[in-house]
Amino acid sequence: MNYDYENAYREKGFACICGIDEAGRGPLAGPVFAAAVILPDGLEDLGLADSKKLSEKKRDLLFDLIREKAVSYGVGSASEREIDEINILNATFLAMKRAVDALDRRPDLALVDGNRKPNTGVEEITVVKGDAKVISIAAASVLAKVSRDRYMLELDKQYPEYLFSQHKGYPTALHYEMIKKHGVSPVHRVSFLKTLDKH
């Protein structure tokens with residue numbers, strides 16, 4: 001993965017470019033997370049790829065490397081209550097805006113994974129499958145994914161009966177089984193459980 005996208009927009013006059021991605025749109029529990037990352041120009045290949053294609057060990061290594069090498073990075077989230085109130089798409093956009101707001105440098109362009117602009121307050125370009133094409137988006141995808149996974153491990157300590165450490169809140173057979181056994185917890189997304197009786 002290289003800097004082709006970032007370089008193309010630098011040539012158009014954008015000096016400070018961040019990549020944005022999210023993690024956790026599909027789970028039944030826990031927040032949705034997003035990250036924004038500004039990488040230095042010409043950073044060596046860290047072995048970045050779409051976070052879903054990396055092993056957990058590789059993601060953890062990259063998480064530390066990205067935070068060490070990045071010019072700036074920010075992580076934001078939107079809670080399960082916010083997801084229920086404003087829907088998952090708007091909650092994802094809110095998490096992305098919070099990630100950009102957490103940067104200690106204001107970018108003049110954001111490259112965003114997907115096909116919808118989140119309205120972060122900076123100029124945005126969307127890139128479909130950006131986490132597999134754009135190095136700064138791939139970096140953001142790792143930070144978002146690892147941050148969320150670690151948060152879910154904390155929730156596992158608070159609610160051990162749901163076995164969050166095993167499924168991270170995703171809609172697995174095991175997770176549905178635990179909800180049926182123990183009921184809905186305060187960290188579940190109620191709006192995602194309307195079809196619970198079908199599982």
# chains A, B, ... in the order shown; residues from 1 in each chain; ligands from 1
>>> closest_atom_pairs(of="region 8-69 of chain A", to="region 98-115 of chain A", cutoff="8 Å", atoms="only C-alpha atoms", output="CSV")
residue,atom,partner,partner_atom,distance
A:Phe14,CA,A:Asp108,CA,6.3
A:Ala15,CA,A:Asp108,CA,6.9
A:Cys16,CA,A:Pro107,CA,4.8
A:Ile17,CA,A:Leu109,CA,4.9
A:Cys18,CA,A:Ala110,CA,4.9
A:Gly19,CA,A:Leu111,CA,4.8
A:Ile20,CA,A:Val112,CA,4.8
A:Asp21,CA,A:Asp113,CA,5.4
A:Ala34,CA,A:Ala99,CA,6.1
A:Ala35,CA,A:Ala99,CA,5.2
A:Ala36,CA,A:Ala99,CA,5.5
A:Val37,CA,A:Leu103,CA,8.0
A:Ile38,CA,A:Pro107,CA,7.9
>>> write_last_selection(atoms="N, CA and C atoms", output="PDB file, in the first residue's frame")
ATOM      1  N   PHE A  14      -3.515  20.346  -1.278  1.00  0.00           N
ATOM      2  CA  PHE A  14      -3.881  20.017   0.103  1.00  0.00           C
ATOM      3  C   PHE A  14      -2.612  19.649   0.872  1.00  0.00           C
ATOM      4  N   ALA A  15      -2.359  20.351   1.963  1.00  0.00           N
ATOM      5  CA  ALA A  15      -1.096  20.164   2.689  1.00  0.00           C
ATOM      6  C   ALA A  15      -1.204  19.127   3.799  1.00  0.00           C
ATOM      7  N   CYS A  16      -2.352  19.083   4.456  1.00  0.00           N
ATOM      8  CA  CYS A  16      -2.507  18.199   5.620  1.00  0.00           C
ATOM      9  C   CYS A  16      -3.723  17.300   5.398  1.00  0.00           C
ATOM     10  N   ILE A  17      -3.467  16.015   5.169  1.00  0.00           N
ATOM     11  CA  ILE A  17      -4.520  15.067   4.774  1.00  0.00           C
ATOM     12  C   ILE A  17      -4.653  13.977   5.835  1.00  0.00           C
ATOM     13  N   CYS A  18      -5.874  13.724   6.254  1.00  0.00           N
ATOM     14  CA  CYS A  18      -6.090  12.614   7.190  1.00  0.00           C
ATOM     15  C   CYS A  18      -6.935  11.527   6.527  1.00  0.00           C
ATOM     16  N   GLY A  19      -6.774  10.317   7.003  1.00  0.00           N
ATOM     17  CA  GLY A  19      -7.630   9.209   6.593  1.00  0.00           C
ATOM     18  C   GLY A  19      -8.593   8.901   7.729  1.00  0.00           C
ATOM     19  N   ILE A  20      -9.827   8.529   7.380  1.00  0.00           N
ATOM     20  CA  ILE A  20     -10.847   8.238   8.396  1.00  0.00           C
ATOM     21  C   ILE A  20     -11.493   6.887   8.097  1.00  0.00           C
ATOM     22  N   ASP A  21     -11.681   6.088   9.146  1.00  0.00           N
ATOM     23  CA  ASP A  21     -12.426   4.834   9.010  1.00  0.00           C
ATOM     24  C   ASP A  21     -13.107   4.516  10.331  1.00  0.00           C
ATOM     25  N   ALA A  34     -14.434   5.289  15.577  1.00  0.00           N
ATOM     26  CA  ALA A  34     -13.830   5.809  14.352  1.00  0.00           C
ATOM     27  C   ALA A  34     -12.456   6.368  14.706  1.00  0.00           C
ATOM     28  N   ALA A  35     -11.584   6.420  13.711  1.00  0.00           N
ATOM     29  CA  ALA A  35     -10.261   7.019  13.913  1.00  0.00           C
ATOM     30  C   ALA A  35      -9.926   7.904  12.725  1.00  0.00           C
ATOM     31  N   ALA A  36      -9.137   8.923  12.995  1.00  0.00           N
ATOM     32  CA  ALA A  36      -8.599   9.810  11.966  1.00  0.00           C
ATOM     33  C   ALA A  36      -7.085   9.829  12.139  1.00  0.00           C
ATOM     34  N   VAL A  37      -6.358   9.666  11.042  1.00  0.00           N
ATOM     35  CA  VAL A  37      -4.893   9.571  11.123  1.00  0.00           C
ATOM     36  C   VAL A  37      -4.245  10.449  10.057  1.00  0.00           C
ATOM     37  N   ILE A  38      -3.289  11.261  10.489  1.00  0.00           N
ATOM     38  CA  ILE A  38      -2.440  12.019   9.569  1.00  0.00           C
ATOM     39  C   ILE A  38      -1.065  11.368   9.614  1.00  0.00           C
TER      40      ILE A  38
END
>>> closest_atom_pairs(of="region 130-186 of chain A", to="region 22-33 of chain A", cutoff="10 Å", atoms="only C-alpha atoms", output="CSV")
residue,atom,partner,partner_atom,distance
A:Asp131,CA,A:Glu22,CA,9.9
A:Ile137,CA,A:Glu22,CA,9.5
A:Ala140,CA,A:Glu22,CA,7.7
A:Ser141,CA,A:Glu22,CA,6.2
A:Val142,CA,A:Ala23,CA,8.7
A:Leu143,CA,A:Glu22,CA,8.9
A:Ala144,CA,A:Ala23,CA,5.5
A:Lys145,CA,A:Ala23,CA,5.1
A:Val146,CA,A:Ala23,CA,8.7
A:Ser147,CA,A:Phe33,CA,7.4
A:Arg148,CA,A:Phe33,CA,6.0
A:Asp149,CA,A:Gly24,CA,9.0
A:Tyr151,CA,A:Gly30,CA,8.3
A:Met152,CA,A:Gly30,CA,6.9
A:Leu155,CA,A:Gly30,CA,8.1
A:Phe164,CA,A:Ala29,CA,8.8
A:His167,CA,A:Pro27,CA,9.1
A:Lys168,CA,A:Pro27,CA,7.7
A:Gly169,CA,A:Ala29,CA,4.9
A:Tyr170,CA,A:Pro27,CA,3.9
A:Pro171,CA,A:Pro27,CA,5.8
A:Thr172,CA,A:Pro27,CA,9.1
A:His175,CA,A:Leu28,CA,8.6
A:Tyr176,CA,A:Leu28,CA,9.1
A:Ile179,CA,A:Leu28,CA,10.0
A:Val184,CA,A:Ala29,CA,9.5
A:Ser185,CA,A:Ala29,CA,8.6
A:Pro186,CA,A:Ala29,CA,8.9
>>> residues_around(residues="Leu65 (chain A)", least_positions_apart="4", cutoff="12 Å", atoms="only C-alpha atoms", output="number ranges by chain")
A: 39, 43-48, 58-61, 69-71, 73, 139, 142-143
>>> select_by_dssp(residues="region 13-175 of chain A", states="strand (DSSP E)", output="MDAnalysis selection string")
chainID A and resid 17:23 32:38 72:78 109:113 124:127
>>> closest_residue(among="A:Glu124, A:Asp64, A:Asp41, A:Asp84", to="His188 (chain A)", atoms="only C-alpha atoms")
A:Asp84
>>> select_by_dssp(residues="region 29-120 of chain A", states="helix (DSSP H, G or I)", output="PyMOL selection string")
chain A and resi 51-53+56-69+80-86+88-101
>>> write_last_selection(atoms="C-alpha atoms", output="short mmCIF file (atom, residue, chain, number, x, y, z; two decimals), in the first residue's frame")
data_model
loop_
_atom_site.label_atom_id
_atom_site.label_comp_id
_atom_site.auth_asym_id
_atom_site.auth_seq_id
_atom_site.Cartn_x
_atom_site.Cartn_y
_atom_site.Cartn_z
CA SER A 51 -7.78 -4.21 9.45
CA LYS A 52 -10.28 -7.05 8.88
CA LYS A 53 -7.63 -8.93 6.89
CA GLU A 56 -5.12 -9.65 15.97
CA LYS A 57 -1.41 -9.82 16.78
CA LYS A 58 -0.50 -7.85 13.63
CA ARG A 59 -3.20 -5.24 14.39
CA ASP A 60 -1.83 -4.78 17.92
CA LEU A 61 1.70 -4.26 16.58
CA LEU A 62 0.47 -1.79 13.96
CA PHE A 63 -1.65 0.04 16.56
CA ASP A 64 1.51 0.97 18.49
CA LEU A 65 3.51 1.73 15.34
CA ILE A 66 0.86 4.01 13.86
CA ARG A 67 0.50 5.98 17.09
CA GLU A 68 4.28 6.34 17.28
CA LYS A 69 4.79 7.40 13.64
CA GLU A 80 -25.04 2.44 22.03
CA ARG A 81 -27.61 4.99 23.33
CA GLU A 82 -26.62 7.48 20.62
CA ILE A 83 -26.88 4.67 18.05
CA ASP A 84 -30.42 3.91 19.23
CA GLU A 85 -31.39 7.60 19.20
CA ILE A 86 -29.95 8.79 15.88
CA ILE A 88 -26.10 3.72 13.21
CA LEU A 89 -25.22 5.79 10.13
CA ASN A 90 -25.52 9.11 11.95
CA ALA A 91 -23.78 7.69 15.01
CA THR A 92 -20.90 6.55 12.78
CA PHE A 93 -20.65 10.06 11.32
CA LEU A 94 -20.66 11.48 14.86
CA ALA A 95 -17.81 9.15 15.87
CA MET A 96 -15.87 10.25 12.76
CA LYS A 97 -16.37 13.93 13.62
CA ARG A 98 -15.19 13.27 17.18
CA ALA A 99 -12.09 11.50 15.81
CA VAL A 100 -11.25 14.51 13.60
CA ASP A 101 -11.89 16.89 16.51
#
>>> closest_residue(among="A:Ser165, A:Val128, A:Arg116, A:Ile135", to="Asn7 (chain A)", atoms="only C-alpha atoms")
A:Ile135
